[in-house]
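Asker: Quick one, query-v4.cif (mmCIF, C-alpha atoms):
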data_protein
#
loop_
_atom_site.label_atom_id
_atom_site.label_comp_id
_atom_site.auth_asym_id
_atom_site.auth_seq_id
_atom_site.Cartn_x
_atom_site.Cartn_y
_atom_site.Cartn_z
CA MET A 1 99.95 -57.87 22.95
CA GLU A 2 103.24 -56.01 23.00
CA ASP A 3 103.37 -52.92 20.81
CA ILE A 4 106.15 -53.48 18.28
CA HIS A 5 106.31 -49.73 17.43
CA VAL A 6 107.76 -48.83 20.85
CA ALA A 7 111.53 -49.00 20.89
CA PRO A 8 112.89 -50.89 23.93
CA LEU A 9 115.44 -48.13 24.69
CA GLU A 10 112.78 -45.39 24.62
CA ALA A 11 110.51 -47.44 26.82
CA ALA A 12 113.28 -48.03 29.32
CA ASN A 13 114.15 -44.33 29.50
CA ALA A 14 110.58 -43.06 29.78
CA THR A 15 110.27 -40.21 32.27
CA SER A 16 108.93 -41.29 35.64
CA PRO A 17 106.70 -39.04 37.73
CA GLU A 18 109.52 -38.45 40.24
CA GLU A 19 112.12 -37.24 37.74
CA PRO A 20 110.99 -33.57 37.35
CA GLY A 21 111.38 -33.03 41.08
CA GLU A 22 114.75 -34.72 41.10
CA ARG A 23 115.90 -32.63 38.13
CA ALA A 24 114.86 -29.43 39.90
CA GLN A 25 116.73 -30.55 43.01
CA GLN A 26 119.84 -31.28 40.94
CA GLU A 27 119.64 -27.86 39.28
CA ALA A 28 119.24 -26.19 42.67
CA THR A 29 122.28 -28.08 43.95
CA PHE A 30 124.27 -27.08 40.87
CA PHE A 31 123.43 -23.37 41.19
CA SER A 32 124.13 -23.53 44.92
CA ALA A 33 127.58 -24.93 44.14
CA LEU A 34 128.14 -22.13 41.61
CA ARG A 35 127.16 -19.49 44.17
CA TYR A 36 129.48 -21.07 46.72
CA ALA A 37 132.38 -21.14 44.24
CA GLY A 38 131.69 -17.54 43.27
CA SER A 39 131.61 -16.38 46.89
CA VAL A 40 134.87 -18.14 47.73
CA SER A 41 136.52 -16.89 44.53
CA LEU A 42 135.48 -13.30 45.28
CA ALA A 43 136.90 -13.44 48.80
CA VAL A 44 140.16 -15.09 47.72
CA LEU A 45 140.58 -12.71 44.76
CA SER A 46 140.10 -9.73 47.07
CA PHE A 47 142.78 -11.07 49.41
CA LEU A 48 145.24 -11.90 46.62
CA LEU A 49 144.83 -8.55 44.83
CA HIS A 50 145.44 -6.60 48.00
CA ALA A 51 148.47 -8.75 48.85
CA ALA A 52 149.85 -8.29 45.33
CA ASP A 53 149.30 -4.52 45.48
CA VAL A 54 151.13 -4.22 48.79
CA ALA A 55 153.92 -6.56 47.67
CA SER A 56 154.46 -4.71 44.37
CA SER A 57 154.73 -1.32 46.11
CA VAL A 58 157.19 -2.67 48.69
CA ALA A 59 159.20 -4.47 45.99
CA PHE A 60 159.32 -1.26 43.94
CA ALA A 61 160.71 0.67 46.90
CA ILE A 62 163.25 -2.04 47.81
CA LEU A 63 164.55 -2.35 44.24
CA MET A 64 164.99 1.41 44.02
CA LEU A 65 167.12 1.29 47.17
CA VAL A 66 169.12 -1.59 45.71
CA TYR A 67 169.80 0.21 42.40
CA ARG A 68 170.24 3.72 43.78
CA ASP A 69 174.05 3.66 43.26
CA GLU A 70 173.98 2.21 39.75
CA ALA A 71 175.97 4.22 37.18
CA GLN A 72 172.91 4.77 34.97
CA VAL A 73 170.91 6.12 37.92
CA VAL A 74 173.71 8.36 39.17
CA GLU A 75 174.40 9.78 35.69
CA ALA A 76 170.72 10.62 35.27
CA LYS A 77 170.73 12.28 38.72
CA LEU A 78 167.81 10.20 39.92
CA ASP A 79 167.18 10.24 43.65
CA PHE A 80 165.93 6.69 44.14
CA THR A 81 166.19 7.00 47.91
CA LEU A 82 163.64 9.81 47.91
CA TRP A 83 161.27 7.87 45.66
CA ALA A 84 161.59 4.72 47.76
CA SER A 85 160.89 6.68 50.93
CA LEU A 86 157.86 8.31 49.32
CA VAL A 87 156.38 4.98 48.18
CA LEU A 88 156.99 3.20 51.50
CA GLY A 89 155.88 6.20 53.55
CA LEU A 90 152.64 6.50 51.62
CA HIS A 91 152.05 2.77 51.97
CA LEU A 92 152.47 2.84 55.76
CA LEU A 93 150.48 6.04 56.19
CA ALA A 94 147.64 4.67 54.06
CA GLY A 95 147.58 1.50 56.16
CA VAL A 96 147.10 3.53 59.33
CA LEU A 97 144.49 5.82 57.75
CA VAL A 98 142.48 2.81 56.57
CA ASN A 99 142.50 1.43 60.12
CA VAL A 100 141.42 4.74 61.65
CA ALA A 101 138.63 5.26 59.10
CA ALA A 102 137.37 1.68 59.54
CA LEU A 103 137.37 2.04 63.32
CA ALA A 104 135.59 5.41 63.16
CA GLU A 105 132.94 3.91 60.85
CA SER A 106 132.39 1.00 63.24
CA TYR A 107 131.79 3.44 66.09
CA SER A 108 129.39 5.54 64.02
CA VAL A 109 127.09 2.60 63.24
CA ARG A 110 126.88 1.24 66.79
CA GLU A 111 123.51 1.76 68.39
CA ALA A 112 124.80 2.64 71.84
CA PRO A 113 127.69 5.12 72.17
CA CYS A 114 130.78 3.68 73.78
CA ARG A 115 134.17 4.89 74.86
CA VAL A 116 137.22 4.55 72.66
CA ARG A 117 139.30 1.65 73.91
CA PRO A 118 143.10 2.23 74.00
CA LYS A 119 143.65 -1.30 72.68
CA GLU A 120 141.69 -0.52 69.51
CA VAL A 121 143.70 2.64 68.95
CA LEU A 122 146.97 0.74 69.31
CA VAL A 123 145.80 -1.86 66.78
CA CYS A 124 145.15 0.99 64.33
CA LEU A 125 148.82 1.94 64.50
CA VAL A 126 149.74 -1.38 62.85
CA PRO A 127 149.32 -0.65 59.12
CA TRP A 128 146.60 -2.67 57.36
CA SER A 129 145.74 -4.69 60.50
CA LEU A 130 141.97 -4.07 60.30
CA SER A 131 141.80 -4.51 56.52
CA TRP A 132 143.72 -7.78 56.62
CA TRP A 133 141.50 -9.01 59.45
CA ALA A 134 138.38 -8.08 57.48
CA MET A 135 139.61 -9.91 54.37
CA LEU A 136 140.63 -13.02 56.30
CA ARG A 137 137.22 -13.14 57.97
CA HIS A 138 135.60 -12.78 54.55
CA VAL A 139 137.63 -15.72 53.22
CA GLY A 140 136.82 -17.82 56.28
CA VAL A 141 133.08 -17.16 56.14
CA ALA A 142 132.96 -17.83 52.39
CA ALA A 143 134.92 -21.08 52.74
CA ARG A 144 132.47 -22.33 55.38
CA GLY A 145 129.56 -21.56 53.08
CA GLU A 146 128.02 -19.18 55.62
CA VAL A 147 126.34 -15.82 55.02
CA SER A 148 127.34 -12.83 57.13
CA VAL A 149 126.24 -9.38 56.02
CA SER A 150 128.45 -7.63 58.57
CA VAL A 151 131.57 -9.51 57.44
CA VAL A 152 130.98 -8.76 53.75
CA GLU A 153 130.18 -5.11 54.53
CA ARG A 154 133.38 -4.69 56.53
CA ALA A 155 135.42 -6.35 53.78
CA ALA A 156 133.86 -4.14 51.09
CA HIS A 157 134.33 -0.98 53.14
CA THR A 158 137.99 -1.61 53.97
CA ARG A 159 138.73 -2.49 50.35
CA LEU A 160 137.24 0.83 49.25
CA LEU A 161 139.36 2.62 51.84
CA GLN A 162 142.42 0.84 50.45
CA ALA A 163 141.52 2.04 46.97
CA VAL A 164 141.16 5.73 47.86
CA PHE A 165 144.00 5.96 50.40
CA GLU A 166 146.64 3.69 48.88
CA ALA A 167 145.97 2.23 45.44
CA ALA A 168 144.92 5.48 43.75
CA PRO A 169 147.80 7.67 45.08
CA GLN A 170 150.35 4.90 44.45
CA GLY A 171 149.13 4.59 40.87
CA VAL A 172 149.59 8.32 40.30
CA ILE A 173 153.06 8.44 41.88
CA GLN A 174 154.38 5.43 40.01
CA THR A 175 152.87 6.55 36.69
CA TYR A 176 154.61 9.89 37.14
CA PHE A 177 157.82 7.99 37.85
CA LEU A 178 157.44 6.16 34.53
CA MET A 179 157.00 9.46 32.70
CA LYS A 180 159.63 11.46 34.54
CA MET A 181 162.41 8.91 34.91
CA TYR A 182 162.39 6.03 32.44
CA VAL A 183 160.24 3.04 31.63
CA TRP A 184 161.01 0.20 34.02
CA TRP A 185 159.05 -3.03 34.31
CA VAL A 186 158.83 -2.83 38.12
CA PRO A 187 156.78 0.40 38.40
CA LEU A 188 154.85 -0.58 35.27
CA LEU A 189 153.78 -3.83 36.91
CA SER A 190 153.04 -2.03 40.17
CA VAL A 191 150.85 0.53 38.37
CA CYS A 192 148.87 -2.23 36.66
CA ILE A 193 148.34 -4.06 39.95
CA SER A 194 147.33 -0.85 41.75
CA VAL A 195 144.77 0.02 39.07
CA ALA A 196 143.43 -3.57 39.07
CA SER A 197 143.17 -3.59 42.88
CA ALA A 198 141.39 -0.23 42.96
CA THR A 199 139.04 -1.37 40.17
CA PHE A 200 138.13 -4.52 42.08
CA SER A 201 137.73 -2.64 45.36
CA TYR A 202 135.34 -0.09 43.93
CA THR A 203 133.33 -2.68 41.97
CA PHE A 204 133.05 -4.90 45.05
CA PHE A 205 131.84 -1.97 47.12
CA VAL A 206 129.28 -0.72 44.57
CA ILE A 207 127.79 -4.16 43.92
CA TYR A 208 127.53 -4.91 47.62
CA LYS A 209 125.83 -1.57 48.34
CA TYR A 210 123.43 -2.20 45.46
CA TYR A 211 122.56 -5.57 46.98
CA ASP A 212 122.19 -3.98 50.40
CA ASN A 213 119.51 -1.68 49.00
CA VAL A 214 117.73 -3.85 46.41
CA ARG A 215 118.32 -7.28 48.04
CA GLU A 216 119.50 -8.78 44.79
CA PHE A 217 122.60 -8.51 42.66
CA PRO A 218 122.63 -6.81 39.26
CA VAL A 219 122.65 -9.06 36.20
CA PRO A 220 126.19 -10.26 35.33
CA TRP A 221 126.57 -8.06 32.25
CA LYS A 222 125.86 -4.96 34.33
CA VAL A 223 128.42 -6.06 36.91
CA LEU A 224 130.92 -6.37 34.06
CA LEU A 225 130.08 -2.86 32.86
CA VAL A 226 130.57 -1.47 36.37
CA ALA A 227 133.98 -3.17 36.55
CA LEU A 228 134.99 -1.86 33.12
CA ASN A 229 133.79 1.60 34.09
CA ALA A 230 135.90 1.53 37.25
CA LEU A 231 138.89 0.43 35.19
CA PHE A 232 138.52 3.16 32.56
CA THR A 233 137.51 5.94 34.95
CA HIS A 234 140.15 5.29 37.58
CA GLY A 235 142.86 4.42 35.06
CA GLY A 236 142.12 7.53 32.99
CA ARG A 237 142.15 9.81 36.03
CA THR A 238 145.37 8.24 37.29
CA PHE A 239 147.18 8.87 34.00
CA ALA A 240 145.63 12.35 33.60
CA THR A 241 146.92 13.40 37.03
CA ALA A 242 150.39 12.05 36.26
CA MET A 243 150.33 13.87 32.90
CA LEU A 244 149.53 17.17 34.62
CA ALA A 245 152.34 16.59 37.13
CA PHE A 246 154.75 15.84 34.28
CA ALA A 247 153.67 18.87 32.23
CA LEU A 248 153.80 21.34 35.13
CA GLN A 249 154.90 20.38 38.64
CA PRO A 250 153.86 17.53 41.00
CA TRP A 251 152.68 20.00 43.64
CA ILE A 252 150.31 21.61 41.12
CA ALA A 253 148.71 18.24 40.34
CA ALA A 254 148.46 17.44 44.05
CA LEU A 255 146.89 20.84 44.69
CA TRP A 256 144.24 20.22 42.03
CA ILE A 257 143.41 16.79 43.45
CA PHE A 258 143.05 18.24 46.94
CA PHE A 259 140.91 21.02 45.49
CA ILE A 260 138.52 18.53 43.86
CA ALA A 261 138.28 16.49 47.07
CA ALA A 262 137.83 19.61 49.22
CA LEU A 263 135.15 20.96 46.90
CA ASN A 264 133.25 17.69 47.19
CA LEU A 265 133.72 17.69 50.97
CA VAL A 266 132.43 21.25 51.39
CA ARG A 267 129.49 20.51 49.13
CA TRP A 268 128.68 17.36 51.06
CA LYS A 269 129.01 19.07 54.44
CA PHE A 270 126.71 21.84 53.25
CA LYS A 271 124.13 19.39 51.90
CA THR A 272 124.22 17.05 54.91
CA TRP A 273 125.06 19.35 57.79
CA GLU A 274 122.48 17.62 59.98
CA ASN A 275 124.07 14.23 59.34
CA ASP A 276 126.71 13.24 61.89
CA ARG A 277 128.46 10.73 59.60
CA LEU A 278 131.42 13.01 58.98
CA THR A 279 133.81 10.11 58.45
CA ARG A 280 131.63 8.62 55.73
CA ILE A 281 131.25 12.01 54.04
CA LYS A 282 135.04 12.45 53.93
CA ILE A 283 135.44 9.02 52.33
CA LEU A 284 132.75 9.92 49.80
CA SER A 285 134.68 13.04 48.84
CA LEU A 286 137.77 10.97 48.06
CA LEU A 287 135.68 8.36 46.27
CA GLU A 288 134.16 11.01 43.99
CA THR A 289 137.63 12.33 43.21
CA PHE A 290 138.96 9.04 41.82
CA PHE A 291 135.77 7.20 40.81
CA VAL A 292 132.11 7.86 39.97
CA ALA A 293 130.46 10.76 41.82
CA THR A 294 127.06 10.56 43.48
CA THR A 295 125.38 12.69 40.81
CA ARG A 296 125.57 12.72 37.04
CA GLN A 297 126.44 16.41 37.08
CA LYS A 298 129.42 15.98 39.40
CA THR A 299 130.63 12.99 37.42
CA ILE A 300 130.53 14.99 34.19
CA TYR A 301 132.32 18.10 35.43
CA THR A 302 134.91 16.07 37.37
CA THR A 303 135.66 14.11 34.20
CA PHE A 304 135.91 17.44 32.37
CA VAL A 305 138.58 18.62 34.84
CA TYR A 306 140.67 15.51 34.20
CA VAL A 307 140.25 15.98 30.45
CA VAL A 308 141.65 19.50 30.88
CA PHE A 309 144.66 17.91 32.60
CA THR A 310 145.39 15.93 29.44
CA PHE A 311 145.10 19.03 27.22
CA VAL A 312 147.59 20.89 29.43
CA PHE A 313 149.97 18.00 28.83
CA MET A 314 149.39 18.09 25.07
CA GLN A 315 149.85 21.86 24.92
CA ARG A 316 153.46 21.32 25.96
CA PHE A 317 154.29 18.05 24.21
CA HIS A 318 152.10 18.01 21.10
CA VAL A 319 155.15 17.76 18.82
CA GLU A 320 156.07 14.30 20.16
CA GLY A 321 154.44 11.16 18.77
CA LEU A 322 154.57 9.27 22.09
CA ALA A 323 152.67 12.11 23.77
CA TRP A 324 149.83 11.68 21.29
CA THR A 325 149.67 7.96 22.11
CA VAL A 326 149.54 8.58 25.86
CA TRP A 327 146.95 11.32 25.39
CA GLY A 328 144.77 9.19 23.10
CA ILE A 329 144.67 6.27 25.54
CA THR A 330 143.94 8.52 28.53
CA PHE A 331 141.38 10.69 26.75
CA GLY A 332 139.62 7.63 25.35
CA ALA A 333 139.52 5.96 28.77
CA LEU A 334 137.98 9.06 30.38
CA LEU A 335 135.27 9.39 27.73
CA LEU A 336 134.51 5.67 27.71
CA GLY A 337 134.28 5.65 31.50
CA LEU A 338 131.84 8.58 31.40
CA ALA A 339 129.71 6.82 28.77
CA LEU A 340 129.58 3.62 30.85
CA THR A 341 128.68 5.65 33.93
CA LEU A 342 125.68 7.22 32.23
CA ALA A 343 124.64 3.88 30.70
CA THR A 344 124.61 2.09 34.09
CA TRP A 345 123.54 4.98 36.31
CA SER A 346 120.73 2.98 37.93
CA ILE A 347 123.36 0.76 39.58
CA TYR A 348 125.19 3.72 41.11
CA PHE A 349 121.94 5.39 42.11
CA ARG A 350 120.88 2.38 44.17
CA ALA A 351 124.35 1.82 45.60
CA TYR A 352 124.87 5.43 46.63
CA GLU A 353 121.33 5.68 47.95
CA GLU A 354 122.08 2.97 50.48
CA LEU A 355 125.40 4.57 51.31
CA ILE A 356 124.16 8.13 51.81
CA LEU A 357 120.73 7.93 53.41
CA PRO A 358 121.05 7.59 57.20
CA ALA A 359 119.82 4.16 58.26
CA GLU A 360 119.56 5.10 61.94
CA SER A 361 116.56 7.35 61.26
CA GLY A 362 114.37 4.30 60.66
CA GLN A 363 113.07 5.75 57.40
CA LYS A 364 114.67 6.84 54.13
CA ARG A 365 114.49 10.53 53.42
CA ASN A 366 113.77 11.94 50.02
CA ALA A 367 116.66 11.30 47.65
CA GLU A 368 116.61 14.87 46.34
CA GLU A 369 117.54 16.14 49.80
CA TYR A 370 120.94 14.54 49.37
CA ASP A 371 121.21 15.34 45.66
CA ILE A 372 121.65 11.80 44.41
CA THR A 373 119.20 12.02 41.54
#
Using structure tokens, write down the structure that the file contains.

Answerer:
Amino acid sequence: MEDIHVAPLEAANATSPEEPGERAQQEATFFSALRYAGSVSLAVLSFLLHAADVASSVAFAILMLVYRDEAQVVEAKLDFTLWASLVLGLHLLAGVLVNVAALAESYSVREAPCRVRPKEVLVCLVPWSLSWWAMLRHVGVAARGEVSVSVVERAAHTRLLQAVFEAAPQGVIQTYFLMKMYVWWVPLLSVCISVASATFSYTFFVIYKYYDNVREFPVPWKVLLVALNALFTHGGRTFATAMLAFALQPWIAALWIFFIAALNLVRWKFKTWENDRLTRIKILSLLETFFVATTRQKTIYTTFVYVVFTFVFMQRFHVEGLAWTVWGITFGALLLGLALTLATWSIYFRAYEELILPAESGQKRNAEEYDIT
């Protein structure tokens, strides 16, 4: 006899033995689609941010040349031609330096030594040629749904080079322009794009290096903290450097930046004198100058130096209300970046461990030998 207590709809929708397996397959397909979308979005975002950064710097220089003879500019005795030349010159020089550093790194990781080909050197003279090629390959591989460690590594490395050679200096120069000349939406937009591009570049590089060492990505909330840390740390150091240049002289700020980078370089060369990766060590020195250092101690005292920059600025302009606003934002960003660095240090430890320890030795040396603890 039919059981009248069983509802027809419930009976019709009763779970069959095959459904759990089908549900698992559907979930796997769904997460696979999410990973594919995330990979493509990352590659496209990297390409678009770099293009926007380059375009904003070029547009800034062109508009300064267009408005160099305006009455307001002439009355203020602003040399827009000099500023435009500086921005464009730095952009072109950075593009060549990125190519040279990327080519040198590719030679250093090859198993068999080979001769430098003249064709490769000529390609390096075309600004941004290797970085654009790396990003386009990254987009192509991601769009095809393929996995290529070498392509992602090259894309991450060239984006980091772009951050330390172009985005960071451009951010400082254009922030100083805003302080020294007058507030204009063009350099303001360019500064924001440069800081965003550098933030993305550094985050991309750190997360990839973490994956290269641990073979899994950090949880999403830690990735977000790393990105926020890059934003606050780099943004705070950019504004602090511009504040020092405004308070004293640009050459003094530049001298201090070179001093920090040189100090890191000498320290690295002393600690790793047996390591032949001189190109990588030089890049690390610049990275530690604008972003998180490879040790907690260096991160703390480097942040302290930038905090001193802001106090030099306030010592001269403490009577002005706007100066207090600029100082508060910069000082808060530096401290917040330092706090986020210490809170997520395990991410940087793993990322820098993969970056520093020589892979060609076939075995990882003790981390203390390279002072990354």

Asker: Give me the result of the PyMOL selection byres ((chain A and resi 203-208) around 9) on this file, residue by residue, as an mmCIF file with C-alpha atoms, keeping the file's coordinate frame.

Answerer:
data_model
loop_
_atom_site.group_PDB
_atom_site.id
_atom_site.type_symbol
_atom_site.label_atom_id
_atom_site.label_comp_id
_atom_site.auth_asym_id
_atom_site.auth_seq_id
_atom_site.Cartn_x
_atom_site.Cartn_y
_atom_site.Cartn_z
ATOM 1 C CA LEU A 42 135.480 -13.300 45.280
ATOM 2 C CA SER A 46 140.100 -9.730 47.070
ATOM 3 C CA VAL A 152 130.980 -8.760 53.750
ATOM 4 C CA GLU A 153 130.180 -5.110 54.530
ATOM 5 C CA ALA A 155 135.420 -6.350 53.780
ATOM 6 C CA ALA A 156 133.860 -4.140 51.090
ATOM 7 C CA HIS A 157 134.330 -0.980 53.140
ATOM 8 C CA ARG A 159 138.730 -2.490 50.350
ATOM 9 C CA LEU A 160 137.240 0.830 49.250
ATOM 10 C CA ALA A 198 141.390 -0.230 42.960
ATOM 11 C CA THR A 199 139.040 -1.370 40.170
ATOM 12 C CA PHE A 200 138.130 -4.520 42.080
ATOM 13 C CA SER A 201 137.730 -2.640 45.360
ATOM 14 C CA TYR A 202 135.340 -0.090 43.930
ATOM 15 C CA LYS A 209 125.830 -1.570 48.340
ATOM 16 C CA TYR A 210 123.430 -2.200 45.460
ATOM 17 C CA TYR A 211 122.560 -5.570 46.980
ATOM 18 C CA ASP A 212 122.190 -3.980 50.400
ATOM 19 C CA ASN A 213 119.510 -1.680 49.000
ATOM 20 C CA PHE A 217 122.600 -8.510 42.660
ATOM 21 C CA PRO A 218 122.630 -6.810 39.260
ATOM 22 C CA VAL A 223 128.420 -6.060 36.910
ATOM 23 C CA VAL A 226 130.570 -1.470 36.370
ATOM 24 C CA ALA A 227 133.980 -3.170 36.550
ATOM 25 C CA ASN A 229 133.790 1.600 34.090
ATOM 26 C CA ALA A 230 135.900 1.530 37.250
ATOM 27 C CA ILE A 347 123.360 0.760 39.580
ATOM 28 C CA TYR A 348 125.190 3.720 41.110
ATOM 29 C CA ARG A 350 120.880 2.380 44.170
ATOM 30 C CA ALA A 351 124.350 1.820 45.600
ATOM 31 C CA TYR A 352 124.870 5.430 46.630
#

Asker: Just the residues within 12 Å of Val305 (chain A), please, counting all atoms listed in the file, with nothing from its chain fewer than 2 positions along; format it as a list in words.

Answerer: Gly236, Arg237, Ala240, Thr241, Leu244, Ala253, Trp256, Ile257, Phe259, Ile260, Thr289, Phe290, Lys298, Thr299, Ile300, Tyr301, Thr302, Thr303, Val307, Val308, Phe309, Thr310, Phe311, Val312, Phe331 and Leu334 of chain A

Asker: What is the CA of Trp132 (chain A)-CA of Leu97 (chain A) distance in Å, reported with one decimal?

Answerer: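 Between these atoms lies a distance of 13.7 Å.
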
Asker: Put a box with edges along x, y and z around all the listed atoms of region 212-220 of chain A, pad it by 3 Å on each side, then give me its centre and sizes in Å, one decimal, as AutoDock Vina command-line options.

Answerer:
--center_x 122.0 --center_y -6.0 --center_z 42.9 --size_x 14.5 --size_y 14.6 --size_z 21.1

Asker: Which is closer to Leu178 (chain A) than all the others in A:Met243, A:Leu130, A:Val40, A:Ala104, using only C-alpha atoms?

Answerer: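 Once distances to Leu178 (chain A) are computed over only C-alpha atoms, the minimum belongs to A:Met243.
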
Asker: Evaluate the PyMOL selection byres ((chain A and resi 65) around 10) on the structure here and hand back the selected residues as a list in words.

Answerer: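 On the file shown, the PyMOL selection byres ((chain A and resi 65) around 10) covers Ala59, Phe60, Ala61, Ile62, Leu63, Met64, Val66, Tyr67, Arg68, Asp69, Asp79, Phe80, Thr81, Leu82, Trp83, Ala84 and Ser85 of chain A.
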
Asker: List the residues selected by the PyMOL selection byres ((chain A and resi 336-342) around 7) in the file shown, writing them as a list in words.

Answerer: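 Applying the PyMOL selection byres ((chain A and resi 336-342) around 7) to the structure shown produces Leu225, Asn229, Phe232, Thr233, Gly332, Ala333, Leu334, Leu335, Ala343, Thr344 and Trp345 of chain A.
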
Asker: Just give me the gap between CA of Trp184 (chain A) and CA of Ala55 (chain A) in Å, one decimal is fine.

Answerer: 16.8 Å

Asker: Which one is closest to Val195 (chain A): A:Thr295, A:Ser39, A:Gln162, A:Thr238? Count only C-alpha atoms.

Answerer: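 Among the listed residues, the smallest separation from Val195 (chain A) belongs to A:Thr238.
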
Asker: Check the smallest atom-to-atom distance from each of A:Leu224, A:Ala167, A:Leu86, A:Leu248 to Phe317 (chain A) using all atoms listed in the file, then report the winner.

Answerer: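 Answer, going by the shortest atom-to-atom distance: A:Leu248.
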
Asker: Could you name the residues that touch Pro187 (chain A) at 9 Å or less, counting only C-alpha atoms, but leaving out those on the same chain fewer than 2 positions away, as a list in words?

Answerer: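 After dropping sequence-adjacent residues, the list is Ser56, Ser57, Phe60, Gln174, Thr175, Phe177, Leu178, Val183, Trp184, Trp185, Leu189, Ser190, Val191 and Cys192 of chain A.
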
Asker: In Å to one decimal, how far is CA of Pro169 (chain A) from CA of Ala94 (chain A)?

Answerer: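 These two atoms are separated by 9.5 Å.
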
Asker: Using only C-alpha atoms, which of A:Ala261, A:Ala142, A:Ala134, A:Leu48 sits nearest Ile193 (chain A)?

Answerer: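 Using only C-alpha atoms, the shortest distance to Ile193 (chain A) belongs to A:Leu48.
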
Asker: Identify which of the residues A:Gly145, A:Met179, A:Arg215, A:Ala245 lies closest to Arg35 (chain A), counting only C-alpha atoms when measuring atom-to-atom distances.

Answerer: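 When distances to Arg35 (chain A) are compared using only C-alpha atoms, the smallest one comes from A:Gly145.
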
Asker: I want to know what sits within 12 Å of Trp133 (chain A), based on only C-alpha atoms, with residues of the same chain fewer than 6 positions away left out; could you give that as a list in words?

Answerer: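 Contacts, with the query itself left out: Phe47, Asn99, Ala102, Val123, Cys124, Val126, Pro127, Val139, Gly140, Val151, Val152, Arg154, Ala155, Thr158 and Arg159 of chain A.
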
Asker: May I ask which of the residues A:Val172, A:Leu161, A:Leu136, A:Val73 is the closest one to Pro250 (chain A), counting only C-alpha atoms?

Answerer: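 Checking each candidate against Pro250 (chain A), we get A:Val172 as the closest.
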
Asker: Would you list the residues near (129.3, 12.0, 45.1), meaning any protein, DNA or RNA residue with an atom at most 8 Å from that point in file coordinates, counting all atoms listed in the file, as a list of chain:residue names?

Answerer: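 Returned residue set, sorted by chain then number, is A:Asn264, A:Leu284, A:Ser285, A:Leu287, A:Glu288, A:Val292, A:Ala293, A:Thr294, A:Thr295, A:Lys298, A:Thr299, A:Ile372.
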
Asker: Once you have the residues from the selection above, write them out as a PDB file, in the coordinates of the input, restricted to C-alpha atoms.

Answerer:
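Dumped to result-v9.pdb:
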ATOM      1  CA  ASN A 264     133.250  17.690  47.190  1.00  0.00           C
ATOM      2  CA  LEU A 284     132.750   9.920  49.800  1.00  0.00           C
ATOM      3  CA  SER A 285     134.680  13.040  48.840  1.00  0.00           C
ATOM      4  CA  LEU A 287     135.680   8.360  46.270  1.00  0.00           C
ATOM      5  CA  GLU A 288     134.160  11.010  43.990  1.00  0.00           C
ATOM      6  CA  VAL A 292     132.110   7.860  39.970  1.00  0.00           C
ATOM      7  CA  ALA A 293     130.460  10.760  41.820  1.00  0.00           C
ATOM      8  CA  THR A 294     127.060  10.560  43.480  1.00  0.00           C
ATOM      9  CA  THR A 295     125.380  12.690  40.810  1.00  0.00           C
ATOM     10  CA  LYS A 298     129.420  15.980  39.400  1.00  0.00           C
ATOM     11  CA  THR A 299     130.630  12.990  37.420  1.00  0.00           C
ATOM     12  CA  ILE A 372     121.650  11.800  44.410  1.00  0.00           C
TER      13      ILE A 372
END
